[in-house]
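Asker: Got entry.cif for you, mmCIF, C-alpha atoms:
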```cif
data_protein
loop_
_atom_site.label_atom_id
_atom_site.label_comp_id
_atom_site.auth_asym_id
_atom_site.auth_seq_id
_atom_site.Cartn_x
_atom_site.Cartn_y
_atom_site.Cartn_z
CA GLY T 8 -54.97 -35.50 8.70
CA GLU T 9 -52.56 -35.76 5.82
CA ASN T 10 -50.30 -38.78 5.70
CA VAL T 11 -47.89 -40.66 3.46
CA GLU T 12 -47.78 -44.44 3.53
CA GLN T 13 -44.54 -46.09 2.44
CA HIS T 14 -44.01 -49.76 1.57
CA PRO T 15 -42.24 -52.02 2.18
CA SER T 16 -40.62 -51.20 5.50
CA THR T 17 -37.70 -53.49 4.64
CA LEU T 18 -36.55 -54.61 1.19
CA SER T 19 -33.79 -57.10 0.57
CA VAL T 20 -32.57 -57.55 -3.03
CA GLN T 21 -29.68 -59.31 -4.72
CA GLU T 22 -26.91 -57.08 -5.98
CA GLY T 23 -27.58 -56.20 -9.60
CA ASP T 24 -31.36 -56.61 -9.30
CA SER T 25 -33.89 -53.77 -9.24
CA ALA T 26 -35.59 -52.31 -6.17
CA VAL T 27 -38.96 -50.55 -6.05
CA ILE T 28 -40.33 -48.56 -3.12
CA LYS T 29 -43.89 -47.23 -3.18
CA CYS T 30 -45.59 -44.32 -1.43
CA THR T 31 -49.20 -43.23 -1.29
CA TYR T 32 -50.25 -39.74 -0.20
CA SER T 33 -53.58 -38.39 0.96
CA ASP T 34 -53.38 -34.63 0.34
CA SER T 35 -54.62 -33.93 -3.17
CA ALA T 36 -52.96 -30.48 -3.03
CA SER T 37 -49.47 -31.98 -2.63
CA ASN T 38 -47.32 -30.89 -5.58
CA TYR T 39 -43.73 -31.80 -4.67
CA PHE T 40 -42.37 -35.28 -3.94
CA PRO T 41 -38.74 -35.74 -2.86
CA TRP T 42 -36.89 -38.95 -2.06
CA TYR T 43 -34.11 -38.95 0.52
CA LYS T 44 -31.46 -41.58 1.21
CA GLN T 45 -30.07 -41.80 4.72
CA GLU T 46 -27.10 -43.99 5.55
CA LEU T 47 -26.53 -44.97 9.16
CA GLY T 48 -25.39 -41.97 11.19
CA LYS T 49 -25.48 -39.63 8.18
CA ARG T 50 -27.70 -36.81 6.95
CA PRO T 51 -30.74 -37.38 4.72
CA GLN T 52 -29.52 -36.79 1.18
CA LEU T 53 -31.86 -35.88 -1.68
CA ILE T 54 -31.51 -38.45 -4.46
CA ILE T 55 -34.35 -37.41 -6.75
CA ASP T 56 -37.54 -35.35 -6.65
CA ILE T 57 -40.55 -34.81 -8.88
CA ARG T 58 -43.22 -32.16 -9.19
CA SER T 59 -46.87 -32.71 -9.94
CA ASN T 60 -46.65 -31.45 -13.52
CA VAL T 61 -44.33 -34.34 -14.45
CA GLY T 62 -45.14 -38.06 -14.57
CA GLU T 63 -41.64 -39.52 -14.55
CA LYS T 64 -38.08 -38.43 -13.92
CA LYS T 65 -34.85 -40.37 -14.33
CA ASP T 66 -31.28 -39.85 -13.16
CA GLN T 67 -28.91 -42.65 -14.20
CA ARG T 68 -29.96 -45.76 -12.19
CA ILE T 69 -32.69 -43.94 -10.26
CA ALA T 70 -36.17 -43.07 -11.47
CA VAL T 71 -39.34 -41.77 -9.87
CA THR T 72 -42.87 -42.14 -11.25
CA LEU T 73 -45.92 -40.18 -10.13
CA ASN T 74 -49.57 -41.10 -10.60
CA LYS T 75 -51.60 -38.09 -9.47
CA THR T 76 -54.94 -39.76 -10.05
CA ALA T 77 -54.09 -42.67 -7.77
CA LYS T 78 -52.01 -40.43 -5.46
CA HIS T 79 -48.98 -42.63 -5.46
CA PHE T 80 -45.36 -42.32 -6.44
CA SER T 81 -42.57 -44.85 -6.63
CA LEU T 82 -38.78 -44.99 -6.52
CA HIS T 83 -37.05 -47.38 -8.89
CA ILE T 84 -33.38 -48.29 -8.51
CA THR T 85 -31.86 -50.48 -11.22
CA GLU T 86 -28.61 -52.49 -11.14
CA THR T 87 -28.40 -52.17 -7.35
CA GLN T 88 -24.98 -51.91 -5.73
CA PRO T 89 -23.82 -52.44 -2.13
CA GLU T 90 -23.58 -48.66 -1.63
CA ASP T 91 -27.33 -48.41 -2.27
CA SER T 92 -27.92 -50.01 1.15
CA ALA T 93 -29.58 -47.34 3.32
CA VAL T 94 -32.94 -46.12 4.60
CA TYR T 95 -35.00 -44.36 1.96
CA PHE T 96 -37.69 -41.81 2.87
CA CYS T 97 -40.38 -40.50 0.56
CA ALA T 98 -42.16 -37.23 1.30
CA ALA T 99 -44.96 -35.10 -0.10
CA SER T 100 -45.43 -31.37 0.28
CA LYS T 101 -48.17 -30.46 2.72
CA GLY T 102 -50.86 -28.84 0.63
CA ASP T 103 -49.67 -25.55 -0.76
CA SER T 104 -46.98 -25.09 1.90
CA ASN T 105 -43.58 -23.88 0.68
CA TYR T 106 -41.89 -25.56 3.63
CA GLN T 107 -43.75 -28.46 5.22
CA LEU T 108 -43.24 -32.03 4.08
CA ILE T 109 -45.23 -35.08 5.12
CA TRP T 110 -42.78 -37.96 5.44
CA GLY T 111 -43.18 -41.67 4.88
CA ALA T 112 -41.99 -44.03 7.62
CA GLY T 113 -38.95 -45.15 5.63
CA THR T 114 -37.75 -48.28 3.83
CA LYS T 115 -34.58 -50.08 4.85
CA LEU T 116 -32.97 -51.34 1.64
CA ILE T 117 -30.51 -54.19 2.01
CA ILE T 118 -28.37 -55.18 -0.97
CA LYS T 119 -27.18 -58.79 -0.70
CA PRO T 120 -23.80 -59.50 -2.33
CA ASP Y 1102 -20.32 -24.18 -1.43
CA THR Y 1103 -23.28 -26.54 -1.49
CA GLU Y 1104 -23.19 -27.67 2.10
CA VAL Y 1105 -25.03 -27.07 5.31
CA THR Y 1106 -22.73 -27.37 8.32
CA GLN Y 1107 -23.64 -28.01 11.95
CA THR Y 1108 -21.75 -27.84 15.23
CA PRO Y 1109 -21.17 -29.62 17.48
CA LYS Y 1110 -21.37 -33.15 16.02
CA HIS Y 1111 -22.11 -34.64 19.43
CA LEU Y 1112 -23.42 -33.06 22.61
CA VAL Y 1113 -24.05 -34.55 26.04
CA MET Y 1114 -25.85 -32.37 28.54
CA GLY Y 1115 -27.57 -32.60 31.88
CA MET Y 1116 -31.16 -31.57 32.42
CA THR Y 1117 -30.13 -28.31 34.08
CA ASN Y 1118 -27.61 -27.25 31.43
CA LYS Y 1119 -27.97 -24.55 28.77
CA LYS Y 1120 -26.39 -25.26 25.41
CA SER Y 1121 -26.74 -24.15 21.80
CA LEU Y 1122 -26.67 -25.90 18.45
CA LYS Y 1123 -25.36 -24.00 15.45
CA CYS Y 1124 -26.06 -24.27 11.74
CA GLU Y 1125 -24.54 -22.41 8.80
CA GLN Y 1126 -25.13 -22.35 5.04
CA HIS Y 1127 -23.55 -20.30 2.28
CA MET Y 1128 -25.84 -21.26 -0.58
CA GLY Y 1129 -27.80 -18.00 -0.44
CA HIS Y 1130 -30.85 -19.88 0.81
CA ARG Y 1131 -33.45 -17.77 2.62
CA ALA Y 1132 -35.36 -20.54 4.42
CA MET Y 1133 -33.79 -22.52 7.26
CA TYR Y 1134 -35.23 -25.36 9.28
CA TRP Y 1135 -34.72 -27.33 12.47
CA TYR Y 1136 -35.77 -30.97 12.53
CA LYS Y 1137 -35.61 -33.60 15.26
CA GLN Y 1138 -35.03 -37.24 14.27
CA LYS Y 1139 -35.39 -40.25 16.53
CA ALA Y 1140 -33.84 -43.58 15.60
CA LYS Y 1141 -35.59 -45.40 12.73
CA LYS Y 1142 -38.06 -42.52 12.25
CA PRO Y 1143 -38.35 -39.78 9.63
CA PRO Y 1144 -37.28 -36.22 10.48
CA GLU Y 1145 -39.88 -34.24 12.41
CA LEU Y 1146 -40.16 -30.52 11.65
CA MET Y 1147 -39.67 -28.16 14.60
CA PHE Y 1148 -39.15 -24.63 13.23
CA VAL Y 1149 -38.91 -22.79 9.92
CA TYR Y 1150 -37.35 -19.39 9.36
CA SER Y 1151 -38.12 -17.50 6.16
CA TYR Y 1152 -36.06 -14.41 5.41
CA GLU Y 1153 -34.85 -14.42 9.03
CA LYS Y 1154 -38.37 -14.39 10.46
CA LEU Y 1155 -39.91 -17.31 12.32
CA SER Y 1156 -42.50 -18.69 9.94
CA ILE Y 1157 -43.48 -22.02 11.48
CA ASN Y 1158 -43.31 -23.35 15.04
CA GLU Y 1159 -44.70 -26.87 15.17
CA SER Y 1160 -45.89 -26.53 18.78
CA VAL Y 1161 -42.38 -27.15 20.10
CA PRO Y 1162 -41.89 -26.90 23.90
CA SER Y 1163 -40.36 -23.61 25.06
CA ARG Y 1164 -37.23 -25.39 26.31
CA PHE Y 1165 -36.19 -25.22 22.64
CA SER Y 1166 -35.59 -21.65 21.49
CA PRO Y 1167 -34.59 -20.92 17.88
CA GLU Y 1168 -32.70 -17.89 16.67
CA CYS Y 1169 -31.75 -16.68 13.20
CA PRO Y 1170 -29.06 -13.98 13.56
CA ASN Y 1171 -28.69 -13.56 9.79
CA SER Y 1172 -29.58 -15.28 6.54
CA SER Y 1173 -26.66 -17.74 6.82
CA LEU Y 1174 -26.89 -18.73 10.47
CA LEU Y 1175 -29.41 -20.61 12.56
CA ASN Y 1176 -29.14 -21.46 16.25
CA LEU Y 1177 -31.15 -23.66 18.55
CA HIS Y 1178 -30.86 -22.80 22.24
CA LEU Y 1179 -31.52 -25.63 24.66
CA HIS Y 1180 -32.49 -25.29 28.31
CA ALA Y 1181 -33.89 -27.70 30.89
CA LEU Y 1182 -34.18 -30.57 28.43
CA GLN Y 1183 -35.57 -33.98 29.27
CA PRO Y 1184 -33.99 -37.37 28.51
CA GLU Y 1185 -36.69 -37.96 25.86
CA ASP Y 1186 -35.27 -34.97 23.94
CA SER Y 1187 -32.22 -37.09 23.11
CA ALA Y 1188 -32.17 -37.34 19.30
CA LEU Y 1189 -30.38 -36.28 16.13
CA TYR Y 1190 -31.06 -32.59 15.46
CA LEU Y 1191 -30.91 -31.71 11.80
CA CYS Y 1192 -30.69 -28.31 10.21
CA ALA Y 1193 -31.82 -27.80 6.62
CA SER Y 1194 -32.05 -24.94 4.16
CA SER Y 1195 -33.92 -24.18 0.94
CA GLN Y 1196 -34.02 -21.34 -1.57
CA ASP Y 1197 -37.43 -19.96 -0.54
CA ARG Y 1198 -38.37 -18.45 -3.86
CA HIS Y 1199 -41.85 -17.55 -2.59
CA SER Y 1200 -43.28 -19.28 -5.63
CA GLY Y 1201 -46.71 -19.57 -4.08
CA GLY Y 1202 -47.32 -23.10 -2.97
CA ALA Y 1203 -44.35 -24.80 -4.57
CA ALA Y 1204 -41.91 -26.24 -2.08
CA ASP Y 1205 -38.17 -25.87 -2.73
CA THR Y 1206 -35.67 -28.66 -2.25
CA GLN Y 1207 -34.39 -28.93 1.30
CA TYR Y 1208 -30.71 -29.66 1.91
CA PHE Y 1209 -29.74 -31.16 5.24
CA GLY Y 1210 -26.75 -30.69 7.46
CA PRO Y 1211 -24.99 -33.67 9.10
CA GLY Y 1212 -26.83 -33.18 12.37
CA THR Y 1213 -25.95 -32.92 16.05
CA ARG Y 1214 -26.35 -36.09 18.08
CA LEU Y 1215 -27.77 -34.88 21.40
CA THR Y 1216 -27.84 -36.97 24.57
CA VAL Y 1217 -29.65 -35.62 27.64
CA LEU Y 1218 -28.71 -37.31 30.89
#
```
For the structure just supplied, provide its representation as structure tokens.

Answerer:
Amino acid sequence: GENVEQHPSTLSVQEGDSAVIKCTYSDSASNYFPWYKQELGKRPQLIIDIRSNVGEKKDQRIAVTLNKTAKHFSLHITETQPEDSAVYFCAASKGDSNYQLIWGAGTKLIIKP
Amino acid sequence: DTEVTQTPKHLVMGMTNKKSLKCEQHMGHRAMYWYKQKAKKPPELMFVYSYEKLSINESVPSRFSPECPNSSLLNLHLHALQPEDSALYLCASSQDRHSGGAADTQYFGPGTRLTVL
């Protein structure tokens, strides 16, 4: 079946350094790729998303890149801050579904002061 | 208003109880979702309503019964739950533009932390 692999499961970086989280998807029909940040006990919050007709998207310190040929997409966070500490989930739309997402297992990002 | 709200925040219930979770959004979204999330796992889709009609049921046990009274409200009725149903229950909504195979962004509520004793 369709799946999304996310790596690493835990990432520890020094404050001010960059963090990169990678996801690989299997469904070639996937066309929407959101990234959610979830702090402990809080809701998943969309931080950035990208559609298959775009290769890169940036919003201040956060960027996402998509390689459709290789079926992988990555989240890049620059100049990390303590408030970036959270679990990050990637997801890919399930085929041509308007509603269903296939989720990665999550990455726990730890920012060391 | 760009928020999805959920009540209650916490719920403790016995296996013989009947309770309901409530979700509300005022963003004009026409798709609403229920997800279940266990600790350290991604959200798991349970139900999707599109234009107040049940569109997707991900083979959820009948002890969970969804209801969409109108385009802004979504309920999840709970009956005869098991301890393994303890989890964070998240509601979400999206625009549902029916754009033919292009998913809309989903916005999540804060969730209800459910404990089944």

Asker: Write out as a compact mmCIF listing (two decimals) with C-alpha atoms, keeping the file's coordinate frame the residues lying within 8 Å of range 23-28 of chain T, counting all atoms listed in the file and excluding same-chain residues fewer than 3 positions away.

Answerer:
```
# COMPACT_ATOMS: atom_id res chain seq x y z
CA GLN T 13 -44.54 -46.09 2.44
CA HIS T 14 -44.01 -49.76 1.57
CA PRO T 15 -42.24 -52.02 2.18
CA LEU T 18 -36.55 -54.61 1.19
CA VAL T 20 -32.57 -57.55 -3.03
CA SER T 81 -42.57 -44.85 -6.63
CA LEU T 82 -38.78 -44.99 -6.52
CA HIS T 83 -37.05 -47.38 -8.89
CA ILE T 84 -33.38 -48.29 -8.51
CA THR T 85 -31.86 -50.48 -11.22
CA GLU T 86 -28.61 -52.49 -11.14
CA THR T 87 -28.40 -52.17 -7.35
CA GLN T 88 -24.98 -51.91 -5.73
CA THR T 114 -37.75 -48.28 3.83
```

Asker: Find the residue from T:Arg68, T:Trp42, T:Val61, T:Thr76 that sits nearest to chain Y; use all atoms listed in the file when measuring.

Answerer: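 Residue with the minimum atom-to-atom distance to chain Y: T:Trp42.
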
Asker: Would you give me, as a ChimeraX atom specification, the residues of chain T that come within 12 Å of chain Y, using all atoms listed in the file?

Answerer: /T:11,13,16-17,36-60,93-115

Asker: Please list as a ChimeraX atom specification every residue within 7 Å of range 1175-1188 of chain Y, counting all atoms listed in the file and excluding residues in the same chain fewer than 3 positions away.

Answerer: /Y:1116-1125,1137-1139,1164-1170,1214-1218

Asker: Mind giving me the straight-line distance from CA of Thr1108 in chain Y to CA of Trp1135 in chain Y in Å, one decimal?

Answerer: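 Value for the CA of Thr1108 in chain Y-CA of Trp1135 in chain Y distance: 13.3 Å.
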
Asker: Quick one: distance from CA of Pro89 in chain T to CA of Ala70 in chain T in Å, one decimal?

Answerer: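 So the answer is 18.1 Å.
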
Asker: Going by the chain IDs and residue numbers used in this file, which residues fall under the PyMOL selection byres ((chain T and resi 117) around 6)? Write them as a list in words.

Answerer: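 Evaluating the PyMOL selection byres ((chain T and resi 117) around 6) on this file yields Ser19, Ser92, Leu116 and Ile118 of chain T.
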
Asker: Residues proximal to (-47.3, -40.4, -12.8) were defined as those with any atom within 7 Å of that point in the file's coordinates, counting all atoms listed in the file. Which are they, as an NGL selection string?

Answerer: :T and (61-63 or 72-75 or 80)

Asker: Would you export the selected residues with C-alpha atoms as a short mmCIF file (atom, residue, chain, number, x, y, z; two decimals), in the coordinates of the input, please?

Answerer:
```
data_model
loop_
_atom_site.label_atom_id
_atom_site.label_comp_id
_atom_site.auth_asym_id
_atom_site.auth_seq_id
_atom_site.Cartn_x
_atom_site.Cartn_y
_atom_site.Cartn_z
CA VAL T 61 -44.33 -34.34 -14.45
CA GLY T 62 -45.14 -38.06 -14.57
CA GLU T 63 -41.64 -39.52 -14.55
CA THR T 72 -42.87 -42.14 -11.25
CA LEU T 73 -45.92 -40.18 -10.13
CA ASN T 74 -49.57 -41.10 -10.60
CA LYS T 75 -51.60 -38.09 -9.47
CA PHE T 80 -45.36 -42.32 -6.44
#
```

Asker: To one decimal place, how far is CA of Thr1213 in chain Y from CA of Met1147 in chain Y in Å?

Answerer: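 Value for the CA of Thr1213 in chain Y-CA of Met1147 in chain Y distance: 14.6 Å.
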
Asker: Within 12 Å of (-27.9, -16.5, -3.1), only C-alpha atoms: residues as a PDB file with C-alpha atoms, keeping the file's coordinate frame?

Answerer:
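Generated output (out_4.pdb):
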```pdb
ATOM      1  CA  ASP Y1102     -20.320 -24.180  -1.430  1.00  0.00           C
ATOM      2  CA  THR Y1103     -23.280 -26.540  -1.490  1.00  0.00           C
ATOM      3  CA  GLN Y1126     -25.130 -22.350   5.040  1.00  0.00           C
ATOM      4  CA  HIS Y1127     -23.550 -20.300   2.280  1.00  0.00           C
ATOM      5  CA  MET Y1128     -25.840 -21.260  -0.580  1.00  0.00           C
ATOM      6  CA  GLY Y1129     -27.800 -18.000  -0.440  1.00  0.00           C
ATOM      7  CA  HIS Y1130     -30.850 -19.880   0.810  1.00  0.00           C
ATOM      8  CA  ARG Y1131     -33.450 -17.770   2.620  1.00  0.00           C
ATOM      9  CA  ALA Y1132     -35.360 -20.540   4.420  1.00  0.00           C
ATOM     10  CA  TYR Y1152     -36.060 -14.410   5.410  1.00  0.00           C
ATOM     11  CA  SER Y1172     -29.580 -15.280   6.540  1.00  0.00           C
ATOM     12  CA  SER Y1173     -26.660 -17.740   6.820  1.00  0.00           C
ATOM     13  CA  SER Y1194     -32.050 -24.940   4.160  1.00  0.00           C
ATOM     14  CA  SER Y1195     -33.920 -24.180   0.940  1.00  0.00           C
ATOM     15  CA  GLN Y1196     -34.020 -21.340  -1.570  1.00  0.00           C
ATOM     16  CA  ASP Y1197     -37.430 -19.960  -0.540  1.00  0.00           C
ATOM     17  CA  ARG Y1198     -38.370 -18.450  -3.860  1.00  0.00           C
TER      18      ARG Y1198
END
```

Asker: Y:His1111, Y:Glu1153, Y:Tyr1190, Y:Glu1104: which is nearest Asn1171 in chain Y, counting all atoms listed in the file?

Answerer: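 Nearest candidate to Asn1171 in chain Y out of Y:His1111, Y:Glu1153, Y:Tyr1190, Y:Glu1104: Y:Glu1153.
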
Asker: Dump C-alpha atoms of range 54-96 of chain T from the given block, as a short mmCIF file (atom, residue, chain, number, x, y, z; two decimals), in the first residue's frame.

Answerer:
```cif
data_model
loop_
_atom_site.label_atom_id
_atom_site.label_comp_id
_atom_site.auth_asym_id
_atom_site.auth_seq_id
_atom_site.Cartn_x
_atom_site.Cartn_y
_atom_site.Cartn_z
CA ILE T 54 3.72 25.28 8.90
CA ILE T 55 4.16 24.98 5.14
CA ASP T 56 2.81 22.95 2.24
CA ILE T 57 3.69 22.41 -1.40
CA ARG T 58 1.87 21.13 -4.46
CA SER T 59 3.29 18.93 -7.17
CA ASN T 60 3.50 21.73 -9.74
CA VAL T 61 6.08 23.57 -7.61
CA GLY T 62 9.64 22.50 -6.76
CA GLU T 63 10.35 24.76 -3.80
CA LYS T 64 8.50 27.04 -1.44
CA LYS T 65 9.86 29.32 1.27
CA ASP T 66 8.32 31.17 4.21
CA GLN T 67 10.86 33.13 6.27
CA ARG T 68 13.07 30.53 8.04
CA ILE T 69 11.15 27.54 6.67
CA ALA T 70 11.42 26.02 3.21
CA VAL T 71 10.18 22.86 1.54
CA THR T 72 11.65 21.22 -1.56
CA LEU T 73 9.97 18.59 -3.71
CA ASN T 74 11.62 16.16 -6.11
CA LYS T 75 8.79 14.40 -7.97
CA THR T 76 11.11 12.15 -9.93
CA ALA T 77 12.72 10.75 -6.80
CA LYS T 78 9.44 11.01 -4.84
CA HIS T 79 10.91 12.83 -1.92
CA PHE T 80 10.38 16.13 -0.20
CA SER T 81 12.27 17.87 2.58
CA LEU T 82 11.70 20.47 5.27
CA HIS T 83 14.48 22.96 5.91
CA ILE T 84 14.53 25.18 9.00
CA THR T 85 17.29 27.77 9.21
CA GLU T 86 18.53 29.73 12.25
CA THR T 87 16.74 27.35 14.62
CA GLN T 88 15.29 28.73 17.84
CA PRO T 89 14.17 27.02 21.07
CA GLU T 90 10.52 27.43 20.06
CA ASP T 91 11.18 25.23 17.02
CA SER T 92 11.40 22.23 19.37
CA ALA T 93 8.43 19.98 18.54
CA VAL T 94 7.41 16.89 16.58
CA TYR T 95 7.20 17.50 12.84
CA PHE T 96 5.00 15.35 10.58
#
```
